[in-house]
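Asks: Just one file: protein-v2.cif, with mmCIF, C-alpha atoms and all ligand atoms.
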data_upload
#
loop_
_atom_site.label_atom_id
_atom_site.label_comp_id
_atom_site.auth_asym_id
_atom_site.auth_seq_id
_atom_site.Cartn_x
_atom_site.Cartn_y
_atom_site.Cartn_z
CA MET A 86 0.00 0.00 0.00
CA ILE A 87 1.14 3.57 -0.63
CA TYR A 88 0.52 5.52 2.57
CA SER A 89 -0.38 9.14 3.10
CA HIS A 90 -0.71 11.44 6.08
CA SER A 91 -4.49 10.97 6.09
CA ARG A 92 -4.19 7.15 5.92
CA LEU A 93 -1.73 7.11 8.82
CA SER A 94 -3.90 9.51 10.85
CA CYS A 95 -6.92 7.34 10.11
CA PHE A 96 -5.12 4.31 11.61
CA GLU A 97 -4.16 6.31 14.68
CA GLN A 98 -7.68 7.67 15.07
CA CYS A 99 -9.30 4.24 14.72
CA PRO A 100 -7.65 1.04 13.41
CA LYS A 101 -11.08 -0.44 12.54
CA LYS A 102 -11.93 2.52 10.33
CA PHE A 103 -8.58 2.12 8.57
CA GLU A 104 -9.34 -1.56 7.94
CA LEU A 105 -12.88 -0.90 6.65
CA LYS A 106 -11.82 2.00 4.44
CA TYR A 107 -8.42 1.05 3.04
CA LEU A 108 -8.08 -2.72 3.41
CA LEU A 109 -11.61 -4.08 3.01
CA LYS A 110 -12.72 -1.09 0.91
CA VAL A 111 -16.28 -1.46 2.23
CA LYS A 112 -18.73 0.57 0.17
CA VAL A 113 -20.92 2.85 2.32
CA PRO A 114 -22.57 6.20 1.67
CA GLU A 115 -20.05 8.90 2.58
CA LYS A 116 -20.81 11.04 5.63
CA GLN A 117 -19.47 14.55 5.52
CA SER A 118 -19.50 17.17 8.25
CA ILE A 119 -20.29 20.74 7.35
CA GLU A 120 -16.88 21.75 8.69
CA ALA A 121 -15.19 19.42 6.18
CA PHE A 122 -17.49 20.61 3.37
CA MET A 123 -16.83 24.26 4.14
CA GLY A 124 -13.07 23.62 4.37
CA GLY A 125 -13.17 21.89 0.99
CA LYS A 126 -14.89 24.85 -0.67
CA VAL A 127 -12.40 27.34 0.84
CA HIS A 128 -9.56 25.18 -0.52
CA GLU A 129 -11.15 25.03 -3.98
CA THR A 130 -11.53 28.81 -4.03
CA LEU A 131 -7.94 29.48 -2.96
CA GLU A 132 -6.76 26.92 -5.51
CA LYS A 133 -8.56 28.89 -8.20
CA LEU A 134 -6.92 32.10 -6.95
CA PHE A 135 -3.41 30.70 -7.45
CA VAL A 136 -4.14 28.75 -10.65
CA ASP A 137 -5.51 31.97 -12.17
CA LEU A 138 -2.49 33.92 -10.89
CA GLN A 139 -0.21 31.44 -12.65
CA HIS A 140 -2.10 32.34 -15.82
CA THR A 141 -1.62 36.07 -15.07
CA LYS A 142 -5.28 36.48 -14.12
CA LYS A 143 -5.77 38.55 -10.96
CA ASN A 144 -9.13 37.94 -9.33
CA GLU A 145 -10.84 40.61 -7.30
CA LEU A 146 -12.08 39.45 -3.91
CA LYS A 147 -15.69 39.72 -5.14
CA ALA A 148 -14.98 37.31 -8.01
CA LEU A 149 -13.52 34.81 -5.57
CA LEU A 150 -16.48 35.08 -3.22
CA ASP A 151 -18.83 34.52 -6.17
CA TYR A 152 -16.81 31.45 -7.09
CA PHE A 153 -17.04 30.20 -3.48
CA GLU A 154 -20.82 30.62 -3.59
CA LYS A 155 -21.06 28.84 -6.94
CA VAL A 156 -19.10 25.72 -5.87
CA TRP A 157 -20.91 25.68 -2.52
CA LYS A 158 -24.32 25.66 -4.21
CA GLU A 159 -23.28 23.14 -6.86
CA ASP A 160 -22.01 20.60 -4.34
CA TRP A 161 -24.34 21.15 -1.39
CA ARG A 162 -26.20 17.99 -0.28
CA GLU A 163 -28.88 17.71 2.39
CA SER A 164 -27.01 14.77 3.95
CA ILE A 165 -24.15 17.02 5.10
CA LEU A 166 -23.99 16.87 8.90
CA ILE A 167 -24.42 19.90 11.12
CA THR A 168 -23.87 18.80 14.70
CA LYS A 169 -23.08 22.00 16.60
CA GLU A 170 -26.19 23.21 18.35
CA GLY A 171 -27.50 26.59 17.29
CA LEU A 172 -25.47 26.75 14.06
CA THR A 173 -27.05 26.62 10.61
CA VAL A 174 -25.87 26.20 7.00
CA GLU A 175 -25.94 29.98 6.65
CA HIS A 176 -23.48 30.40 9.53
CA TYR A 177 -21.01 28.04 7.87
CA PHE A 178 -21.52 29.62 4.46
CA GLU A 179 -20.72 33.05 5.92
CA LEU A 180 -17.74 31.64 7.80
CA GLY A 181 -16.40 30.13 4.57
CA LYS A 182 -16.68 33.50 2.84
CA LYS A 183 -14.92 35.14 5.78
CA CYS A 184 -12.06 32.61 5.46
CA VAL A 185 -11.58 33.43 1.78
CA ALA A 186 -11.72 37.18 2.46
CA ASN A 187 -9.31 36.90 5.41
CA PHE A 188 -6.75 35.07 3.31
CA TYR A 189 -7.17 37.45 0.40
CA GLU A 190 -6.82 40.60 2.48
CA LYS A 191 -3.82 39.33 4.43
CA ASN A 192 -1.87 38.15 1.36
CA HIS A 193 -2.95 40.53 -1.38
CA PRO A 194 -1.25 41.32 -3.87
CA PHE A 195 0.33 37.83 -3.65
CA LYS A 196 3.78 38.96 -4.60
CA VAL A 197 5.82 36.86 -2.19
CA GLY A 198 7.70 34.41 -4.43
CA VAL A 199 6.57 32.25 -7.31
CA PRO A 200 3.85 29.61 -6.80
CA ILE A 201 5.53 26.52 -8.26
CA GLY A 202 3.02 23.96 -7.06
CA ILE A 203 -0.73 24.19 -6.44
CA GLU A 204 -2.32 21.07 -4.98
CA LYS A 205 1.08 19.60 -5.71
CA LYS A 206 1.54 15.87 -5.31
CA ILE A 207 4.64 14.54 -3.58
CA THR A 208 5.83 10.97 -3.28
CA LEU A 209 8.42 9.63 -0.90
CA ASP A 210 10.21 6.35 -0.55
CA LEU A 211 11.11 6.44 3.15
CA ASN A 212 13.71 3.68 3.08
CA GLU A 213 14.67 3.94 -0.59
CA ASP A 214 13.74 0.27 -1.00
CA GLY A 215 10.13 0.64 -2.16
CA LYS A 216 8.73 -0.85 1.08
CA TYR A 217 7.56 2.32 2.82
CA LYS A 218 6.06 4.69 0.31
CA LEU A 219 4.22 7.89 1.18
CA THR A 220 2.28 10.29 -0.95
CA GLY A 221 0.61 13.63 -0.22
CA ARG A 222 -0.76 16.80 -1.73
CA MET A 223 0.43 20.25 -0.70
CA ASP A 224 -2.04 23.11 -0.87
CA LEU A 225 0.62 25.45 -2.19
CA LEU A 226 4.39 25.46 -2.75
CA ILE A 227 6.11 28.79 -3.24
CA GLN A 228 9.70 29.46 -4.18
CA VAL A 229 10.77 32.71 -2.54
CA GLY A 230 14.49 32.60 -3.37
CA LYS A 231 17.07 30.41 -5.11
CA ASN A 232 17.31 28.05 -2.15
CA HIS A 233 14.28 29.15 -0.16
CA PHE A 234 10.85 27.49 -0.38
CA GLN A 235 7.56 27.74 1.49
CA VAL A 236 4.99 24.98 2.01
CA HIS A 237 1.53 26.49 2.66
CA ASP A 238 -1.51 24.83 4.15
CA TYR A 239 -4.96 26.34 4.69
CA LYS A 240 -6.76 25.47 7.92
CA THR A 241 -10.39 26.37 8.50
CA TYR A 242 -10.67 25.14 12.11
CA ALA A 243 -12.34 27.52 14.48
CA LYS A 244 -9.54 26.88 16.98
CA LEU A 245 -5.98 28.18 17.05
CA PRO A 246 -3.40 25.56 17.99
CA GLU A 247 -0.44 26.31 20.26
CA GLN A 248 3.04 26.64 18.72
CA GLN A 249 4.08 23.31 20.27
CA LYS A 250 1.31 21.54 18.33
CA ILE A 251 2.39 23.27 15.13
CA ASP A 252 6.00 22.20 15.72
CA GLU A 253 4.89 18.61 16.26
CA ASP A 254 2.56 18.41 13.26
CA MET A 255 3.82 15.77 10.85
CA GLN A 256 1.81 16.57 7.74
CA LEU A 257 3.81 19.56 6.56
CA ALA A 258 7.07 17.99 7.72
CA ILE A 259 6.30 15.09 5.37
CA TYR A 260 5.81 17.64 2.58
CA GLN A 261 9.16 19.20 3.50
CA MET A 262 10.78 15.79 2.96
CA GLY A 263 9.09 15.65 -0.45
CA VAL A 264 10.25 19.17 -1.39
CA GLN A 265 13.81 18.37 -0.36
CA LYS A 266 13.79 15.28 -2.50
CA GLN A 267 12.48 17.12 -5.56
CA PHE A 268 14.52 20.30 -5.01
CA PRO A 269 17.86 19.23 -3.51
CA GLU A 270 19.04 22.86 -3.74
CA ALA A 271 16.48 23.85 -1.03
CA LYS A 272 18.42 25.14 1.98
CA LYS A 273 15.52 26.79 3.82
CA ILE A 274 11.94 25.54 3.86
CA ASP A 275 9.25 27.41 5.80
CA LEU A 276 6.20 25.40 6.82
CA ILE A 277 3.27 27.82 6.97
CA TRP A 278 -0.25 27.15 8.21
CA HIS A 279 -2.88 29.77 7.38
CA TYR A 280 -5.53 29.79 10.10
CA VAL A 281 -7.93 31.63 7.86
CA VAL A 282 -10.75 31.92 10.38
CA PHE A 283 -8.49 34.16 12.47
CA GLN A 284 -6.38 35.71 9.70
CA ARG A 285 -3.28 34.37 11.45
CA GLU A 286 -0.37 32.21 10.43
CA GLY A 287 1.64 29.52 12.17
CA ILE A 288 5.23 28.92 11.03
CA SER A 289 7.53 26.03 11.80
CA HIS A 290 10.97 24.86 10.67
CA ARG A 291 12.34 21.35 10.90
CA SER A 292 15.99 20.43 11.18
CA LYS A 293 17.64 17.50 9.39
CA LYS A 294 17.73 15.66 12.71
CA GLN A 295 14.00 16.18 13.29
CA LEU A 296 13.19 14.95 9.79
CA GLU A 297 15.34 11.87 10.33
CA THR A 298 13.47 11.14 13.58
CA LEU A 299 10.17 11.62 11.75
CA ARG A 300 11.30 9.30 8.93
CA LYS A 301 12.04 6.56 11.49
CA GLU A 302 8.72 7.16 13.28
CA LEU A 303 6.81 6.91 10.01
CA ILE A 304 8.51 3.63 9.11
CA ALA A 305 7.76 2.29 12.61
CA LEU A 306 4.09 3.28 12.24
CA ILE A 307 3.82 1.61 8.82
CA LYS A 308 5.46 -1.54 10.23
CA LYS A 309 2.95 -1.48 13.09
CA ILE A 310 0.03 -1.19 10.65
CA GLU A 311 1.36 -4.02 8.52
CA ALA A 312 1.86 -6.25 11.55
CA THR A 313 -1.67 -5.61 12.86
CA GLU A 314 -3.85 -8.68 12.74
CA LYS A 315 -6.84 -7.44 14.67
CA PHE A 316 -7.93 -3.90 13.85
CA GLU A 317 -9.64 -2.73 17.04
CA THR A 318 -12.47 -0.23 17.18
CA LYS A 319 -11.58 3.02 18.94
CA GLU A 320 -14.75 4.83 19.87
CA SER A 321 -14.60 8.60 20.18
CA GLY A 322 -16.57 11.75 19.50
CA LEU A 323 -15.48 11.37 15.87
CA CYS A 324 -17.64 8.27 15.39
CA LYS A 325 -20.66 10.45 14.55
CA TYR A 326 -18.79 11.70 11.47
CA CYS A 327 -17.55 8.23 10.48
CA SER A 328 -19.09 6.81 7.30
CA TYR A 329 -18.52 3.26 8.60
CA GLU A 330 -20.68 3.60 11.71
CA GLN A 331 -23.42 1.42 10.21
CA VAL A 332 -21.02 -1.50 9.59
CA CYS A 333 -18.80 -0.93 12.64
CA PRO A 334 -19.02 -3.63 15.34
CA ALA A 335 -19.09 -0.89 17.99
CA TRP A 336 -22.27 0.65 16.56
CA LYS A 337 -23.95 -2.04 14.44
CA HIS A 338 -26.28 -3.15 17.22
CA GLN A 339 -27.46 0.39 17.92
CA GLU A 340 -27.97 0.95 14.19
CA MET A 341 -30.04 -2.22 14.05
CA LEU A 342 -32.14 -1.21 17.08
CA GLU A 343 -32.90 2.20 15.64
CA LYS A 344 -34.73 0.48 12.80
CA LEU A 345 -36.91 -1.62 15.15
CA PRO A 346 -40.42 -0.55 16.20
CA ALA A 347 -40.55 0.50 19.88
CA LYS A 348 -42.41 -2.70 20.87
CA LYS A 349 -39.70 -4.97 19.49
CA TYR A 350 -36.83 -2.94 20.93
CA ALA A 351 -37.25 -4.00 24.56
CA VAL A 352 -37.59 -7.71 23.74
CA GLU A 353 -34.67 -7.91 21.34
CA GLU A 354 -32.19 -10.56 22.52
CA GLY A 355 -29.15 -8.25 22.77
CA VAL A 356 -31.12 -5.60 24.68
CA GLN A 357 -32.31 -8.23 27.15
CA LEU A 358 -28.81 -9.63 27.64
CA ALA A 359 -27.34 -6.15 28.21
CA ASP A 360 -30.12 -5.22 30.66
CA LYS A 361 -29.74 -8.49 32.58
CA TYR A 362 -25.97 -7.96 32.84
CA ALA A 363 -26.39 -4.35 33.99
CA LYS A 364 -28.92 -5.44 36.65
CA LEU A 365 -26.69 -8.22 38.01
CA TYR A 366 -23.68 -5.94 38.00
CA ALA A 367 -25.57 -3.31 39.99
CA GLU A 368 -26.64 -5.99 42.48
CA LYS A 369 -23.02 -7.12 42.82
CA GLN A 370 -21.87 -3.55 43.49
CA GLU A 371 -24.58 -3.11 46.11
CA LEU A 372 -23.58 -6.34 47.80
CA LEU A 373 -19.91 -5.38 47.72
CA GLU A 374 -20.68 -2.04 49.30
CA LYS A 375 -22.74 -3.72 52.02
CA ILE A 376 -19.93 -6.19 52.78
CA GLU A 377 -17.31 -3.39 52.72
CA ASN A 378 -19.34 -1.49 55.34
CA GLN A 379 -19.72 -4.60 57.49
CA LEU A 380 -15.96 -5.26 57.25
CA GLU A 381 -15.20 -1.67 58.29
CA GLU A 382 -17.44 -1.99 61.35
CA LEU A 383 -15.86 -5.30 62.24
CA LYS A 384 -12.39 -3.84 61.81
CA THR A 385 -13.16 -1.13 64.35
CA GLU A 386 -14.39 -3.77 66.83
CA ILE A 387 -11.28 -5.93 66.24
CA PHE A 388 -8.89 -3.00 66.82
CA GLU A 389 -10.69 -2.03 70.00
CA TYR A 390 -10.62 -5.63 71.28
CA ALA A 391 -6.89 -5.97 70.40
CA LYS A 392 -6.03 -2.67 72.08
CA GLN A 393 -7.97 -3.56 75.21
CA HIS A 394 -6.08 -6.85 75.63
CA GLY A 395 -2.73 -5.84 74.12
CA PHE A 396 -3.02 -8.46 71.33
CA GLU A 397 -1.26 -8.19 67.98
CA VAL A 398 -2.56 -11.47 66.62
CA ILE A 399 -6.09 -12.74 67.14
CA GLN A 400 -6.70 -16.41 66.62
CA GLY A 401 -9.85 -17.84 65.00
CA THR A 402 -10.67 -21.53 64.37
CA SER A 403 -9.22 -21.69 60.87
CA HIS A 404 -7.72 -18.24 60.35
CA LYS A 405 -5.79 -15.70 62.36
CA LEU A 406 -5.66 -11.91 62.13
CA LYS A 407 -2.46 -9.90 62.41
CA ILE A 408 -3.20 -6.37 63.58
CA LYS A 409 -0.98 -3.50 62.48
CA THR A 410 -1.20 0.26 62.87
CA THR A 411 1.21 2.41 60.84
CA GLU A 412 1.70 6.15 60.88
CA LYS A 413 1.97 8.01 57.61
CA LEU A 414 2.42 11.64 56.62
CA LYS A 415 -0.33 13.12 54.53
CA PHE A 416 0.19 16.23 52.37
CA PRO A 417 -2.34 18.66 50.84
CA GLY A 418 -3.99 17.22 47.73
CA LYS A 419 -3.07 18.27 44.17
CA GLY A 420 -4.82 21.39 42.97
CA SER A 421 -5.45 22.77 46.48
CA GLU A 422 -4.18 26.19 47.55
CA GLU A 423 -2.12 24.62 50.33
CA ARG A 424 -0.46 22.32 47.81
CA SER A 425 0.63 25.34 45.73
CA HIS A 426 2.22 26.87 48.84
CA LEU A 427 4.01 23.61 49.58
CA GLU A 428 5.27 23.39 45.99
CA ALA A 429 6.50 26.98 46.13
CA LEU A 430 8.32 26.22 49.38
CA ILE A 431 9.98 23.16 47.85
CA ARG A 432 11.17 25.23 44.91
CA ARG A 433 12.45 27.94 47.21
CA HIS A 434 14.58 25.38 49.04
CA ASN A 435 15.88 24.01 45.70
CA LEU A 436 14.37 20.59 46.40
CA TRP A 437 12.06 20.44 43.38
CA THR A 438 14.31 18.24 41.21
CA GLU A 439 15.51 16.17 44.14
CA LEU A 440 11.92 15.41 45.12
CA SER A 441 10.98 14.53 41.52
CA GLU A 442 8.70 17.56 41.21
CA LEU A 443 7.05 16.78 44.55
CA ASP A 444 6.90 13.07 45.03
CA THR A 445 5.11 13.00 48.39
CA THR A 446 6.32 9.46 49.20
CA LYS A 447 9.92 10.61 48.81
CA LEU A 448 9.19 13.76 50.83
CA SER A 449 7.71 11.61 53.64
CA HIS A 450 10.90 9.50 53.71
CA TYR A 451 13.09 12.60 53.79
CA LEU A 452 11.13 14.03 56.70
CA GLU A 453 10.88 10.76 58.61
CA GLU A 454 14.53 9.91 58.15
CA GLY A 455 15.72 13.44 58.97
CA LYS A 456 17.43 13.84 55.61
CA LEU A 457 16.66 17.55 55.30
CA PRO A 458 18.34 20.53 56.98
CA LYS A 459 16.48 21.54 60.15
CA THR A 460 15.02 24.83 58.81
CA GLU A 461 13.57 23.16 55.69
CA GLU A 462 12.30 20.24 57.77
CA LYS A 463 10.50 22.57 60.15
CA GLU A 464 8.84 24.56 57.37
CA LEU A 465 7.82 21.51 55.34
CA LYS A 466 6.45 19.65 58.35
CA LYS A 467 3.79 22.34 58.71
CA TYR A 468 2.17 20.86 55.60
CA ALA A 469 2.37 17.26 56.77
CA GLU A 470 -0.48 15.77 58.71
CA LYS A 471 0.13 12.52 60.59
CA THR A 472 -2.45 9.87 59.76
CA GLU A 473 -2.87 6.32 61.00
CA THR A 474 -3.45 3.36 58.74
CA LYS A 475 -4.96 0.34 60.32
CA THR A 476 -4.42 -2.94 58.51
CA ILE A 477 -5.50 -6.47 59.23
CA TYR A 478 -3.64 -9.31 57.53
CA LEU A 479 -5.72 -12.43 57.28
CA SER A 480 -3.93 -15.75 56.94
CA LYS A 481 -4.81 -19.42 57.27
CA ILE A 482 -3.68 -21.16 60.39
CA LYS A 483 -1.19 -23.87 59.42
S1 LIG A 501 -17.66 4.32 14.00
FE1 LIG A 501 -16.03 4.90 15.41
S2 LIG A 501 -15.23 2.97 16.19
FE2 LIG A 501 -16.41 2.49 14.34
S3 LIG A 501 -14.94 2.50 12.68
FE3 LIG A 501 -15.79 4.54 12.77
S4 LIG A 501 -14.40 5.69 14.08
FE4 LIG A 501 -13.98 3.52 14.41
#
Would you mind giving the structure from this file in structure tokens?

Replies:
Amino acid sequence: MIYSHSRLSCFEQCPKKFELKYLLKVKVPEKQSIEAFMGGKVHETLEKLFVDLQHTKKNELKALLDYFEKVWKEDWRESILITKEGLTVEHYFELGKKCVANFYEKNHPFKVGVPIGIEKKITLDLNEDGKYKLTGRMDLLIQVGKNHFQVHDYKTYAKLPEQQKIDEDMQLAIYQMGVQKQFPEAKKIDLIWHYVVFQREGISHRSKKQLETLRKELIALIKKIEATEKFETKESGLCKYCSYEQVCPAWKHQEMLEKLPAKKYAVEEGVQLADKYAKLYAEKQELLEKIENQLEELKTEIFEYAKQHGFEVIQGTSHKLKIKTTEKLKFPGKGSEERSHLEALIRRHNLWTELSELDTTKLSHYLEEGKLPKTEEKELKKYAEKTETKTIYLSKIK
């Protein structure tokens, strides 16, 4: 198989979807979200902008917006999914137009470099042995100098990612590998994401070392896919957009039930089995809770009895109980205000690294074993509360 960024992401998102789509090639009606549809139309419009520019035709913004409207209307289908509450087709249509206008206004008059690839296909042979092939399509490749190139990608998400995410994104880094292969003279390659909803850009650069690491990771991922025998389902919020929901083992039963009349639903075999299991499980939990409470009460009685008589082991007919009380230090819980004070104190005393960024077990040992200087010990002890743990060890009498 020739892989691509979207095929690899599909496997990572859900191995079962990858199997149904690319290995079994199951035919199902395609589901499309309005976000994906709108993104597609923005891409088509910006593609037209640069294809026309290559032919010396400069479009006015109005002409581009008309083009956006035309392709939107031509391709619109009622089956396109709108899942965000309170949003309508009109909202997305307007947002799409805003994306086109944002890009146009920010980049007009498009004089930075020469567009040398629009929707440009790249192919890569990761190991140069034909075993791990990758392909992809760049939105736009621009040459800005003799040895300087830019890979551009349009994003229509209504969310701005952090720089760290941009620097970890593998899609454009894969394209960089493709550009370097086709243009060995390239010394500088800018990876540029256009977040057109916000009229902002994200830029990232990858070193040779980073690309080598990525190359190895991609080969490892392909090897993992090819060694997979059972493609597991991975349910997530993305399932509602998945075209394979109706044939997916995680959803097939629900799909089947939705077609049943209400009367038949409750008596369907699977529904009855699931209900019976849920009922028994609830009963088990209730019983466990009851027994836990009884054990706790008994434990209190046992400790009182042992204390009264000074016993450490209590003998039964077949079993004996070893009674143990240990003292432990308890520190303020994560997220509490007191915890922040304690963390600040640890940093102030330069103990942060030594205590593995506040490992409370280690801190307990340090305090109990007197490993800290007296001033630090005194200050830190203010945050430690002594608690008692009572344990009973049950064993068979030999
Ligand atoms: S519906 Fe969900 S679990 Fe099933 S194949 Fe699609 S993404 Fe995977």

Asks: Counting all atoms listed in the file, which residues in chain A sit no more than 10 Å from ligand LIG 501 (chain A)? For each one, give the nearest pair of atoms and the distance in Å, sorted by chain then residue number, as JSON lines.

Replies:
{"residue": "A:Cys95", "atom": "CA", "partner": "A:LIG501", "partner_atom": "S4", "distance": 8.6}
{"residue": "A:Phe96", "atom": "CA", "partner": "A:LIG501", "partner_atom": "FE4", "distance": 9.3}
{"residue": "A:Gln98", "atom": "CA", "partner": "A:LIG501", "partner_atom": "S4", "distance": 7.1}
{"residue": "A:Cys99", "atom": "CA", "partner": "A:LIG501", "partner_atom": "FE4", "distance": 4.7}
{"residue": "A:Pro100", "atom": "CA", "partner": "A:LIG501", "partner_atom": "FE4", "distance": 6.9}
{"residue": "A:Lys101", "atom": "CA", "partner": "A:LIG501", "partner_atom": "S3", "distance": 4.9}
{"residue": "A:Lys102", "atom": "CA", "partner": "A:LIG501", "partner_atom": "S3", "distance": 3.8}
{"residue": "A:Phe103", "atom": "CA", "partner": "A:LIG501", "partner_atom": "S3", "distance": 7.6}
{"residue": "A:Glu104", "atom": "CA", "partner": "A:LIG501", "partner_atom": "S3", "distance": 8.4}
{"residue": "A:Leu105", "atom": "CA", "partner": "A:LIG501", "partner_atom": "S3", "distance": 7.2}
{"residue": "A:Lys106", "atom": "CA", "partner": "A:LIG501", "partner_atom": "S3", "distance": 8.8}
{"residue": "A:Phe316", "atom": "CA", "partner": "A:LIG501", "partner_atom": "S3", "distance": 9.6}
{"residue": "A:Glu317", "atom": "CA", "partner": "A:LIG501", "partner_atom": "S2", "distance": 8.0}
{"residue": "A:Thr318", "atom": "CA", "partner": "A:LIG501", "partner_atom": "S2", "distance": 4.3}
{"residue": "A:Lys319", "atom": "CA", "partner": "A:LIG501", "partner_atom": "S2", "distance": 4.6}
{"residue": "A:Glu320", "atom": "CA", "partner": "A:LIG501", "partner_atom": "S2", "distance": 4.2}
{"residue": "A:Ser321", "atom": "CA", "partner": "A:LIG501", "partner_atom": "FE1", "distance": 6.2}
{"residue": "A:Gly322", "atom": "CA", "partner": "A:LIG501", "partner_atom": "FE1", "distance": 8.0}
{"residue": "A:Leu323", "atom": "CA", "partner": "A:LIG501", "partner_atom": "S4", "distance": 6.1}
{"residue": "A:Cys324", "atom": "CA", "partner": "A:LIG501", "partner_atom": "FE1", "distance": 3.7}
{"residue": "A:Lys325", "atom": "CA", "partner": "A:LIG501", "partner_atom": "S1", "distance": 6.8}
{"residue": "A:Tyr326", "atom": "CA", "partner": "A:LIG501", "partner_atom": "FE3", "distance": 7.9}
{"residue": "A:Cys327", "atom": "CA", "partner": "A:LIG501", "partner_atom": "FE3", "distance": 4.7}
{"residue": "A:Ser328", "atom": "CA", "partner": "A:LIG501", "partner_atom": "FE3", "distance": 6.8}
{"residue": "A:Tyr329", "atom": "CA", "partner": "A:LIG501", "partner_atom": "FE3", "distance": 5.1}
{"residue": "A:Glu330", "atom": "CA", "partner": "A:LIG501", "partner_atom": "S1", "distance": 3.9}
{"residue": "A:Gln331", "atom": "CA", "partner": "A:LIG501", "partner_atom": "S1", "distance": 7.5}
{"residue": "A:Val332", "atom": "CA", "partner": "A:LIG501", "partner_atom": "FE2", "distance": 7.7}
{"residue": "A:Cys333", "atom": "CA", "partner": "A:LIG501", "partner_atom": "FE2", "distance": 4.5}
{"residue": "A:Pro334", "atom": "CA", "partner": "A:LIG501", "partner_atom": "FE2", "distance": 6.7}
{"residue": "A:Ala335", "atom": "CA", "partner": "A:LIG501", "partner_atom": "FE2", "distance": 5.7}
{"residue": "A:Trp336", "atom": "CA", "partner": "A:LIG501", "partner_atom": "S1", "distance": 6.4}
{"residue": "A:Lys337", "atom": "CA", "partner": "A:LIG501", "partner_atom": "FE2", "distance": 8.8}

Asks: Write out as a list in words the residues lying within 12 Å of A:Leu150, counting all atoms listed in the file and excluding same-chain residues fewer than 4 positions away.

Replies: Lys126, Val127, Glu129, Thr130, Leu131, Lys133, Leu134, Asn144, Glu145, Leu146, Glu154, Lys155, Val156, Trp157, Phe178, Glu179, Leu180, Gly181, Lys182, Lys183, Cys184, Val185, Ala186, Asn187, Phe188 and Tyr189 of chain A

Asks: Keeping only C-alpha atoms, write those residues as a PDB file, keeping the file's coordinate frame.

Replies:
ATOM      1  CA  LYS A 126     -14.890  24.850  -0.670  1.00  0.00           C
ATOM      2  CA  VAL A 127     -12.400  27.340   0.840  1.00  0.00           C
ATOM      3  CA  GLU A 129     -11.150  25.030  -3.980  1.00  0.00           C
ATOM      4  CA  THR A 130     -11.530  28.810  -4.030  1.00  0.00           C
ATOM      5  CA  LEU A 131      -7.940  29.480  -2.960  1.00  0.00           C
ATOM      6  CA  LYS A 133      -8.560  28.890  -8.200  1.00  0.00           C
ATOM      7  CA  LEU A 134      -6.920  32.100  -6.950  1.00  0.00           C
ATOM      8  CA  ASN A 144      -9.130  37.940  -9.330  1.00  0.00           C
ATOM      9  CA  GLU A 145     -10.840  40.610  -7.300  1.00  0.00           C
ATOM     10  CA  LEU A 146     -12.080  39.450  -3.910  1.00  0.00           C
ATOM     11  CA  GLU A 154     -20.820  30.620  -3.590  1.00  0.00           C
ATOM     12  CA  LYS A 155     -21.060  28.840  -6.940  1.00  0.00           C
ATOM     13  CA  VAL A 156     -19.100  25.720  -5.870  1.00  0.00           C
ATOM     14  CA  TRP A 157     -20.910  25.680  -2.520  1.00  0.00           C
ATOM     15  CA  PHE A 178     -21.520  29.620   4.460  1.00  0.00           C
ATOM     16  CA  GLU A 179     -20.720  33.050   5.920  1.00  0.00           C
ATOM     17  CA  LEU A 180     -17.740  31.640   7.800  1.00  0.00           C
ATOM     18  CA  GLY A 181     -16.400  30.130   4.570  1.00  0.00           C
ATOM     19  CA  LYS A 182     -16.680  33.500   2.840  1.00  0.00           C
ATOM     20  CA  LYS A 183     -14.920  35.140   5.780  1.00  0.00           C
ATOM     21  CA  CYS A 184     -12.060  32.610   5.460  1.00  0.00           C
ATOM     22  CA  VAL A 185     -11.580  33.430   1.780  1.00  0.00           C
ATOM     23  CA  ALA A 186     -11.720  37.180   2.460  1.00  0.00           C
ATOM     24  CA  ASN A 187      -9.310  36.900   5.410  1.00  0.00           C
ATOM     25  CA  PHE A 188      -6.750  35.070   3.310  1.00  0.00           C
ATOM     26  CA  TYR A 189      -7.170  37.450   0.400  1.00  0.00           C
TER      27      TYR A 189
END

Asks: For stretch 219-221 of chain A, find every residue with an atom within 7 Å (counting only C-alpha atoms), except residues of its own chain fewer than 2 positions away, and show them as an NGL selection string.

Replies: :A and (87-90 or 206-210 or 217 or 223)

Asks: Measuring between all atoms listed in the file, which one of A:Leu303, A:Leu443, A:Trp278, A:Leu479 shows the shortest distance to A:Ser425?

Replies: A:Leu443

Asks: Under the rule that all atoms listed in the file are counted, which of A:Ile477, A:Ala367, A:Leu372, A:Leu430 is the nearest residue to A:Lys405?

Replies: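 Ranked by minimum distance to A:Lys405, first place goes to A:Ile477.
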
Asks: Find the residue from A:Asn232, A:Lys250, A:Asn212, A:Tyr239 that sits nearest to A:Arg300; use only C-alpha atoms when measuring.

Replies: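 Closest to A:Arg300, using only C-alpha atoms: A:Asn212.
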
Asks: When you draw a straight line from atom CA of A:Lys231 to atom CA of A:Lys191, how long is it in Å?

Replies: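 Going from atom CA of A:Lys231 over to atom CA of A:Lys191, I get 24.6 Å.
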